[in-house]
$ cat input.txt   # compact mmCIF, C-alpha atoms and all ligand atoms
# COMPACT_ATOMS: atom_id res chain seq x y z
CA MET A 40 245.68 140.03 331.37
CA PRO A 41 245.32 138.03 328.14
CA ASP A 42 245.24 134.29 328.55
CA PHE A 43 248.39 133.38 326.61
CA PHE A 44 248.30 129.76 327.75
CA ARG A 45 244.77 129.01 326.72
CA ARG A 46 244.78 126.13 324.25
CA LYS A 47 242.85 126.39 321.03
CA PRO A 48 240.46 123.45 320.70
CA THR A 49 241.44 121.14 317.86
CA PHE A 50 237.94 119.78 317.31
CA ASN A 51 234.39 120.92 317.66
CA ARG A 52 232.51 119.49 320.66
CA ASP A 53 229.22 119.85 318.76
CA ASP A 54 230.39 117.11 316.40
CA ALA A 55 229.83 114.62 319.21
CA ASP A 56 226.17 114.52 318.16
CA GLN A 57 227.07 112.75 314.94
CA ASP A 58 227.81 109.06 314.97
CA GLY A 59 231.02 109.15 312.97
CA PRO A 60 234.28 109.71 314.78
CA VAL A 61 235.80 113.16 314.52
CA VAL A 62 239.39 113.31 313.41
CA PRO A 63 241.25 116.30 314.87
CA ASP A 64 244.35 116.91 312.77
CA GLY A 65 244.10 113.33 311.50
CA LEU A 66 246.04 111.86 314.41
CA TRP A 67 243.30 111.12 316.87
CA VAL A 68 239.69 110.08 316.65
CA LYS A 69 237.10 110.91 319.24
CA CYS A 70 234.85 108.03 320.23
CA HIS A 71 231.19 108.90 319.74
CA LYS A 72 230.16 107.03 322.88
CA CYS A 73 232.78 107.67 325.58
CA LYS A 74 234.09 110.87 323.90
CA ASP A 75 237.64 109.76 324.67
CA LEU A 76 240.48 110.21 322.19
CA VAL A 77 242.00 107.19 320.47
CA TYR A 78 245.08 107.16 318.28
CA SER A 79 243.62 106.93 314.75
CA LYS A 80 246.04 104.21 313.55
CA ASP A 81 245.02 102.04 316.52
CA PHE A 82 241.37 102.78 315.84
CA GLU A 83 241.71 101.53 312.25
CA ARG A 84 243.72 98.50 313.35
CA TRP A 85 240.99 97.58 315.82
CA TYR A 86 238.36 97.60 313.05
CA ARG A 87 237.06 101.03 314.16
CA VAL A 88 236.11 99.74 317.60
CA CYS A 89 236.90 101.97 320.59
CA PRO A 90 239.45 100.17 322.83
CA LYS A 91 238.18 102.10 325.84
CA CYS A 92 234.41 101.49 325.73
CA ASP A 93 234.06 98.87 322.93
CA HIS A 94 231.80 101.12 320.85
CA HIS A 95 231.54 99.70 317.31
CA ALA A 96 231.59 102.74 315.00
CA ARG A 97 229.73 102.57 311.69
CA LEU A 98 231.55 101.28 308.64
CA THR A 99 231.05 101.89 304.94
CA ALA A 100 230.17 98.89 302.76
CA THR A 101 233.70 98.90 301.36
CA GLN A 102 235.26 98.91 304.84
CA ARG A 103 232.99 96.00 305.82
CA ILE A 104 234.16 93.96 302.87
CA ASP A 105 237.80 94.89 303.48
CA TYR A 106 237.60 93.87 307.14
CA LEU A 107 235.62 90.70 306.63
CA LEU A 108 236.91 89.11 303.44
CA ASP A 109 240.33 87.78 302.54
CA SER A 110 242.42 90.48 300.94
CA GLY A 111 241.80 90.85 297.21
CA SER A 112 239.20 88.06 297.10
CA PHE A 113 236.10 90.19 296.51
CA GLU A 114 234.58 90.23 293.04
CA GLU A 115 231.75 92.75 292.81
CA TRP A 116 228.60 91.99 290.83
CA ASP A 117 225.92 94.15 289.21
CA ARG A 118 227.48 97.52 289.99
CA GLY A 119 225.62 98.94 287.00
CA ILE A 120 222.15 98.35 288.50
CA VAL A 121 220.84 101.71 289.69
CA THR A 122 217.40 103.03 290.50
CA ALA A 123 215.08 103.84 287.58
CA ASP A 124 213.01 106.37 289.58
CA PRO A 125 209.75 104.56 288.77
CA LEU A 126 207.47 107.29 290.14
CA SER A 127 209.43 110.32 288.83
CA PHE A 128 209.40 111.42 292.46
CA ASP A 129 209.43 115.16 293.03
CA ALA A 130 208.04 116.47 296.32
CA ASN A 131 208.14 120.26 296.15
CA GLY A 132 211.62 120.43 294.66
CA ASP A 133 212.88 117.30 296.43
CA VAL A 134 213.76 115.53 293.18
CA TYR A 135 214.64 111.88 293.78
CA LYS A 136 216.79 111.48 290.68
CA GLU A 137 218.97 114.46 291.66
CA LYS A 138 219.18 113.21 295.23
CA VAL A 139 220.39 109.80 294.06
CA GLN A 140 223.08 111.37 291.86
CA LYS A 141 224.25 113.64 294.68
CA THR A 142 224.32 110.89 297.29
CA ALA A 143 226.08 108.50 294.87
CA ARG A 144 228.90 111.03 294.47
CA LYS A 145 229.08 111.62 298.23
CA ALA A 146 229.00 107.93 299.20
CA ASP A 147 231.16 106.94 296.22
CA GLN A 148 228.70 104.12 295.51
CA PRO A 149 226.02 103.92 292.77
CA GLU A 150 223.51 102.20 295.10
CA SER A 151 222.94 101.42 298.76
CA LEU A 152 223.87 97.74 298.39
CA ILE A 153 227.07 96.05 297.26
CA THR A 154 226.95 92.39 296.24
CA GLY A 155 229.54 89.92 295.07
CA ARG A 156 231.58 86.88 295.80
CA GLY A 157 234.58 86.57 298.11
CA ARG A 158 236.43 84.38 300.58
CA ILE A 159 236.49 84.35 304.36
CA ARG A 160 239.63 82.60 305.60
CA GLY A 161 239.65 80.58 302.44
CA TYR A 162 235.93 79.70 302.33
CA ASP A 163 233.92 80.94 299.35
CA ALA A 164 230.65 82.77 299.92
CA VAL A 165 228.31 85.26 298.28
CA VAL A 166 228.16 88.51 300.24
CA SER A 167 225.90 91.56 300.34
CA ALA A 168 226.70 94.70 302.33
CA THR A 169 224.64 97.85 302.75
CA GLU A 170 226.01 101.38 302.41
CA PHE A 171 224.44 103.59 305.08
CA ALA A 172 225.87 106.78 303.58
CA PHE A 173 223.65 106.18 300.54
CA LEU A 174 220.20 107.43 301.63
CA GLY A 175 220.43 105.57 304.94
CA ALA A 176 220.97 102.25 303.09
CA SER A 177 217.28 102.31 302.27
CA MET A 178 215.88 99.39 300.29
CA GLY A 179 214.55 100.42 296.89
CA SER A 180 214.00 98.48 293.68
CA ALA A 181 217.69 98.49 292.62
CA PHE A 182 218.72 97.28 296.10
CA GLY A 183 216.14 94.46 295.93
CA GLU A 184 217.15 93.48 292.40
CA LYS A 185 220.84 93.32 293.29
CA PHE A 186 220.08 91.29 296.40
CA VAL A 187 217.91 88.78 294.53
CA ARG A 188 220.44 88.37 291.71
CA ALA A 189 223.16 87.69 294.30
CA VAL A 190 221.00 85.03 296.00
CA GLU A 191 220.23 83.43 292.62
CA ARG A 192 223.92 83.29 291.77
CA ALA A 193 224.62 81.75 295.19
CA ILE A 194 222.14 78.99 294.24
CA GLU A 195 223.77 78.59 290.83
CA LEU A 196 227.27 78.40 292.34
CA ARG A 197 226.08 76.41 295.37
CA LEU A 198 227.61 78.89 297.82
CA PRO A 199 226.42 80.07 301.25
CA PHE A 200 224.99 83.59 301.40
CA ILE A 201 226.11 86.21 303.92
CA SER A 202 224.25 89.50 304.30
CA ILE A 203 225.58 92.45 306.31
CA SER A 204 222.84 94.95 307.05
CA SER A 205 222.46 98.42 308.44
CA SER A 206 219.48 100.38 307.17
CA GLY A 207 216.81 102.95 307.88
CA GLY A 208 214.26 100.73 306.10
CA ALA A 209 212.33 101.01 302.84
CA ARG A 210 213.05 103.90 300.43
CA MET A 211 210.00 106.12 300.61
CA HIS A 212 210.77 107.80 297.25
CA GLU A 213 209.79 104.54 295.56
CA SER A 214 206.65 103.94 297.61
CA THR A 215 205.10 100.50 296.95
CA PHE A 216 207.99 99.52 294.67
CA SER A 217 210.29 99.65 297.70
CA LEU A 218 207.85 97.75 299.93
CA MET A 219 207.64 95.03 297.28
CA GLN A 220 211.35 94.35 297.83
CA MET A 221 210.56 92.94 301.27
CA ALA A 222 208.60 90.09 299.67
CA LYS A 223 210.99 89.77 296.73
CA THR A 224 214.14 89.40 298.89
CA THR A 225 212.45 87.02 301.33
CA ALA A 226 211.13 84.84 298.48
CA ALA A 227 214.66 84.61 297.04
CA LEU A 228 215.98 83.43 300.42
CA SER A 229 213.22 80.88 300.57
CA ARG A 230 214.52 79.46 297.26
CA LEU A 231 218.04 79.48 298.75
CA GLY A 232 216.71 77.39 301.64
CA GLU A 233 214.99 74.96 299.26
CA HIS A 234 218.42 74.35 297.71
CA LYS A 235 219.78 73.64 301.21
CA LEU A 236 222.14 76.61 301.15
CA PRO A 237 222.57 78.65 304.35
CA HIS A 238 222.01 82.36 304.91
CA PHE A 239 224.04 84.01 307.67
CA SER A 240 222.82 87.48 308.56
CA ILE A 241 224.90 90.13 310.33
CA LEU A 242 222.95 93.04 311.76
CA THR A 243 224.89 96.22 312.44
CA ASP A 244 223.99 99.58 313.90
CA PRO A 245 221.41 100.87 313.04
CA CYS A 246 219.11 98.30 311.43
CA TYR A 247 215.46 99.28 311.15
CA GLY A 248 212.24 99.16 309.16
CA GLY A 249 211.69 97.05 306.05
CA VAL A 250 215.18 95.54 306.13
CA THR A 251 214.81 94.20 309.69
CA ALA A 252 211.28 93.11 308.86
CA SER A 253 212.33 91.12 305.79
CA TYR A 254 215.49 89.41 304.53
CA ALA A 255 217.82 90.45 307.39
CA THR A 256 215.91 88.40 309.95
CA VAL A 257 215.16 85.47 307.64
CA ALA A 258 218.38 83.55 308.19
CA ASP A 259 219.77 80.31 309.53
CA ILE A 260 222.00 82.25 311.93
CA ILE A 261 221.34 85.88 312.87
CA MET A 262 224.28 87.71 314.38
CA ALA A 263 224.60 91.27 315.58
CA GLU A 264 227.46 93.50 316.62
CA PRO A 265 227.61 94.58 320.29
CA GLY A 266 225.42 97.56 321.09
CA ALA A 267 223.79 97.64 317.62
CA MET A 268 220.30 99.14 317.62
CA ILE A 269 217.88 96.84 315.82
CA GLY A 270 214.13 97.13 315.42
CA PHE A 271 211.22 98.01 313.19
CA ALA A 272 210.09 101.44 314.44
CA GLY A 273 212.50 103.51 316.53
CA PRO A 274 212.16 103.61 320.35
CA ARG A 275 210.95 107.23 320.38
CA VAL A 276 208.08 106.39 318.01
CA ILE A 277 207.10 103.34 320.08
CA GLU A 278 207.11 105.38 323.30
CA GLN A 279 204.92 108.04 321.72
CA ILE A 280 202.39 105.52 320.42
CA THR A 281 202.23 103.18 323.42
CA ARG A 282 202.77 105.96 326.02
CA GLN A 283 204.89 103.56 327.97
CA LYS A 284 208.47 103.78 329.16
CA LEU A 285 210.61 101.25 327.35
CA PRO A 286 212.90 98.92 329.32
CA GLN A 287 216.61 99.61 329.71
CA GLY A 288 218.63 98.54 326.69
CA PHE A 289 215.51 98.12 324.50
CA GLN A 290 216.37 97.26 320.86
CA THR A 291 220.07 96.71 321.55
CA ALA A 292 221.68 93.54 320.19
CA GLU A 293 222.12 92.25 323.76
CA PHE A 294 218.42 92.84 324.56
CA LEU A 295 217.38 91.00 321.39
CA LEU A 296 219.67 88.08 322.20
CA GLU A 297 218.13 87.80 325.67
CA HIS A 298 214.64 87.78 324.12
CA GLY A 299 215.42 85.21 321.43
CA MET A 300 215.29 87.51 318.40
CA ILE A 301 218.88 86.86 317.34
CA ASP A 302 221.27 83.93 317.76
CA MET A 303 224.48 85.63 318.83
CA VAL A 304 226.22 88.89 319.55
CA CYS A 305 229.59 88.84 317.87
CA ARG A 306 232.39 91.39 318.21
CA ARG A 307 233.61 92.82 314.91
CA SER A 308 237.10 91.44 315.36
CA GLU A 309 235.66 87.94 315.88
CA LEU A 310 233.32 87.96 312.87
CA PRO A 311 235.76 86.49 310.29
CA ALA A 312 236.65 83.57 312.62
CA THR A 313 232.99 82.96 313.55
CA LEU A 314 231.83 83.03 309.93
CA SER A 315 234.67 80.80 308.73
CA LEU A 316 233.75 78.29 311.43
CA LEU A 317 230.12 78.31 310.24
CA LEU A 318 231.28 77.91 306.64
CA LEU A 319 233.51 75.03 307.71
CA HIS A 320 230.61 73.26 309.45
CA TYR A 321 228.48 73.79 306.35
CA ALA A 322 231.22 72.36 304.11
CA ASP A 323 231.53 69.35 306.43
CA ALA A 324 227.79 68.79 306.47
CA THR A 325 227.48 68.89 302.68
CA MET A 326 230.33 66.43 302.30
CA GLY A 327 228.67 64.07 304.77
CA ARG A 328 231.51 64.39 307.22
CA HIS A 329 230.99 64.18 310.97
CA GLN A 330 231.50 67.38 312.87
CA PRO A 331 235.14 67.29 313.96
CA GLU A 332 235.86 67.41 317.66
CA TYR A 333 238.66 69.91 317.60
CA ALA A 334 239.08 73.59 318.15
CA TYR A 335 239.28 75.25 314.79
CA ALA A 336 242.54 77.17 314.55
CA GLY A 337 241.37 79.26 311.63
CA THR A 338 243.76 77.84 309.03
CA PRO A 339 241.92 77.37 305.73
CA GLY A 340 242.29 74.16 303.81
CA GLU A 341 243.42 72.10 306.78
CA GLU A 342 240.07 70.90 308.02
CA GLY A 343 240.57 67.36 306.56
CA ASP A 344 238.57 64.23 307.27
CA SER A 345 240.64 62.87 310.10
ZN ZN B 401 234.72 104.83 323.44
$ encode --input "input.txt" --output "structure tokens"
Amino acid sequence: MPDFFRRKPTFNRDDADQDGPVVPDGLWVKCHKCKDLVYSKDFERWYRVCPKCDHHARLTATQRIDYLLDSGSFEEWDRGIVTADPLSFDANGDVYKEKVQKTARKADQPESLITGRGRIRGYDAVVSATEFAFLGASMGSAFGEKFVRAVERAIELRLPFISISSSGGARMHESTFSLMQMAKTTAALSRLGEHKLPHFSILTDPCYGGVTASYATVADIIMAEPGAMIGFAGPRVIEQITRQKLPQGFQTAEFLLEHGMIDMVCRRSELPATLSLLLLHYADATMGRHQPEYAYAGTPGEEGDS
């Protein structure tokens, strides 16, 4: 007898292997971690965090900026800076220039880093955010140049610098040119420090390689989202080389906090309040005011001297 009551699946179970949530018929999203279904409007309202298991799904650079900054306050800089393909990279038909054009169309971004100026609960700051959909947010020469220009403008404008990072590391298609960006970005932050301007770094899942090993971990305060995987080489590579079993939770934000590598684990929904509080303390310090002994209610412009 035919099974008339058998339901047709509305999504493909195999998609669970990808990090991004799957949207069956646009109404529901399936959490990558707990595999439960969440109403998509709720999922968006909760900053793409699963209400059932607290998994923080990946965001695009634009979503990051939309979630973090005050509405309409972002002014993007240097969008025209794109890679010059310094090595004319072509590895058996894997043409870098073509790859960049293709990925730029797919990610709807000309590079893997967005920079600009915006406000967080009324406080001005210079912000950089990586785009993971663009070649794994790898750091090449255009990425490094945009980052350094943003830091230099932060110095010029005397504004704090906030970087939001998620990356696979250096961009191998640019070889040494990409590795040079590690020194270049770190040197720029060193100049920022000399001008007594703070750098707040937010590490998000996944953050690896040259980005973790350079500017992203050279900050006054290093924050990470819950459960974010952060490291230099991936855990599988380390296990293969050392032939040792890695401890439970290795390279998670919580593990790094416990071992003193980062300063705090901050939920996505609490990031704007946390950053605005840091920006408030910075503003107070530069104006020579004493740190106020009150709980900050998050209302911009009301911090006063009293
Ligand atoms: Zn979940």
$ residues_near_ligand --input "input.txt" --ligand "ligand ZN 401 (chain B)" --cutoff "10 Å" --atoms "all atoms listed in the file" --output "PyMOL selection string"
chain A and resi 60+68-77+88-96
$ write_last_selection --input "input.txt" --atoms "C-alpha atoms" --output "tab-separated table (two decimals), in the coordinates of the input"
chain	number	residue	atom	x	y	z
A	60	PRO	CA	234.28	109.71	314.78
A	68	VAL	CA	239.69	110.08	316.65
A	69	LYS	CA	237.10	110.91	319.24
A	70	CYS	CA	234.85	108.03	320.23
A	71	HIS	CA	231.19	108.90	319.74
A	72	LYS	CA	230.16	107.03	322.88
A	73	CYS	CA	232.78	107.67	325.58
A	74	LYS	CA	234.09	110.87	323.90
A	75	ASP	CA	237.64	109.76	324.67
A	76	LEU	CA	240.48	110.21	322.19
A	77	VAL	CA	242.00	107.19	320.47
A	88	VAL	CA	236.11	99.74	317.60
A	89	CYS	CA	236.90	101.97	320.59
A	90	PRO	CA	239.45	100.17	322.83
A	91	LYS	CA	238.18	102.10	325.84
A	92	CYS	CA	234.41	101.49	325.73
A	93	ASP	CA	234.06	98.87	322.93
A	94	HIS	CA	231.80	101.12	320.85
A	95	HIS	CA	231.54	99.70	317.31
A	96	ALA	CA	231.59	102.74	315.00
$ atom_distance --input "input.txt" --atom1 "CA of Cys305 (chain A)" --atom2 "CA of Trp67 (chain A)"
26.2 Å
$ closest_residue --input "input.txt" --among "A:Lys145, A:His238, A:His298, A:Lys136" --to "Thr99 (chain A)" --atoms "all atoms listed in the file"
A:Lys145
$ closest_residue --input "input.txt" --among "A:Asp259, A:Asp81, A:Glu137, A:Glu213" --to "Lys235 (chain A)" --atoms "only C-alpha atoms"
A:Asp259
$ residues_around --input "input.txt" --residues "Ile104 (chain A)" --least-positions-apart "3" --cutoff "12 Å" --atoms "only C-alpha atoms" --output "CSV table (one decimal) with C-alpha atoms, in the frame of the given file"
chain,number,residue,atom,x,y,z
A,86,TYR,CA,238.4,97.6,313.0
A,98,LEU,CA,231.6,101.3,308.6
A,99,THR,CA,231.0,101.9,304.9
A,100,ALA,CA,230.2,98.9,302.8
A,101,THR,CA,233.7,98.9,301.4
A,107,LEU,CA,235.6,90.7,306.6
A,108,LEU,CA,236.9,89.1,303.4
A,109,ASP,CA,240.3,87.8,302.5
A,110,SER,CA,242.4,90.5,300.9
A,111,GLY,CA,241.8,90.8,297.2
A,112,SER,CA,239.2,88.1,297.1
A,113,PHE,CA,236.1,90.2,296.5
A,114,GLU,CA,234.6,90.2,293.0
A,115,GLU,CA,231.8,92.8,292.8
A,152,LEU,CA,223.9,97.7,298.4
A,153,ILE,CA,227.1,96.0,297.3
A,154,THR,CA,227.0,92.4,296.2
A,155,GLY,CA,229.5,89.9,295.1
A,156,ARG,CA,231.6,86.9,295.8
A,157,GLY,CA,234.6,86.6,298.1
A,158,ARG,CA,236.4,84.4,300.6
A,159,ILE,CA,236.5,84.4,304.4
A,165,VAL,CA,228.3,85.3,298.3
A,166,VAL,CA,228.2,88.5,300.2
A,167,SER,CA,225.9,91.6,300.3
A,168,ALA,CA,226.7,94.7,302.3
A,169,THR,CA,224.6,97.8,302.8
A,170,GLU,CA,226.0,101.4,302.4
A,201,ILE,CA,226.1,86.2,303.9
A,202,SER,CA,224.2,89.5,304.3
A,203,ILE,CA,225.6,92.4,306.3
A,310,LEU,CA,233.3,88.0,312.9
A,311,PRO,CA,235.8,86.5,310.3
$ atom_distance --input "input.txt" --atom1 "CA of Glu150 (chain A)" --atom2 "CA of Met221 (chain A)"
17.1 Å
$ residues_around --input "input.txt" --residues "Glu293 (chain A)" --least-positions-apart "6" --cutoff "7 Å" --atoms "only C-alpha atoms" --output "list of chain:residue names"
A:Pro265, A:Gly266, A:Val304
$ atom_distance --input "input.txt" --atom1 "CA of Ala312 (chain A)" --atom2 "CA of Ile261 (chain A)"
15.5 Å
$ closest_residue --input "input.txt" --among "A:Pro245, A:Gly119, A:Gly207, A:Pro237" --to "Thr325 (chain A)" --atoms "only C-alpha atoms"
A:Pro237
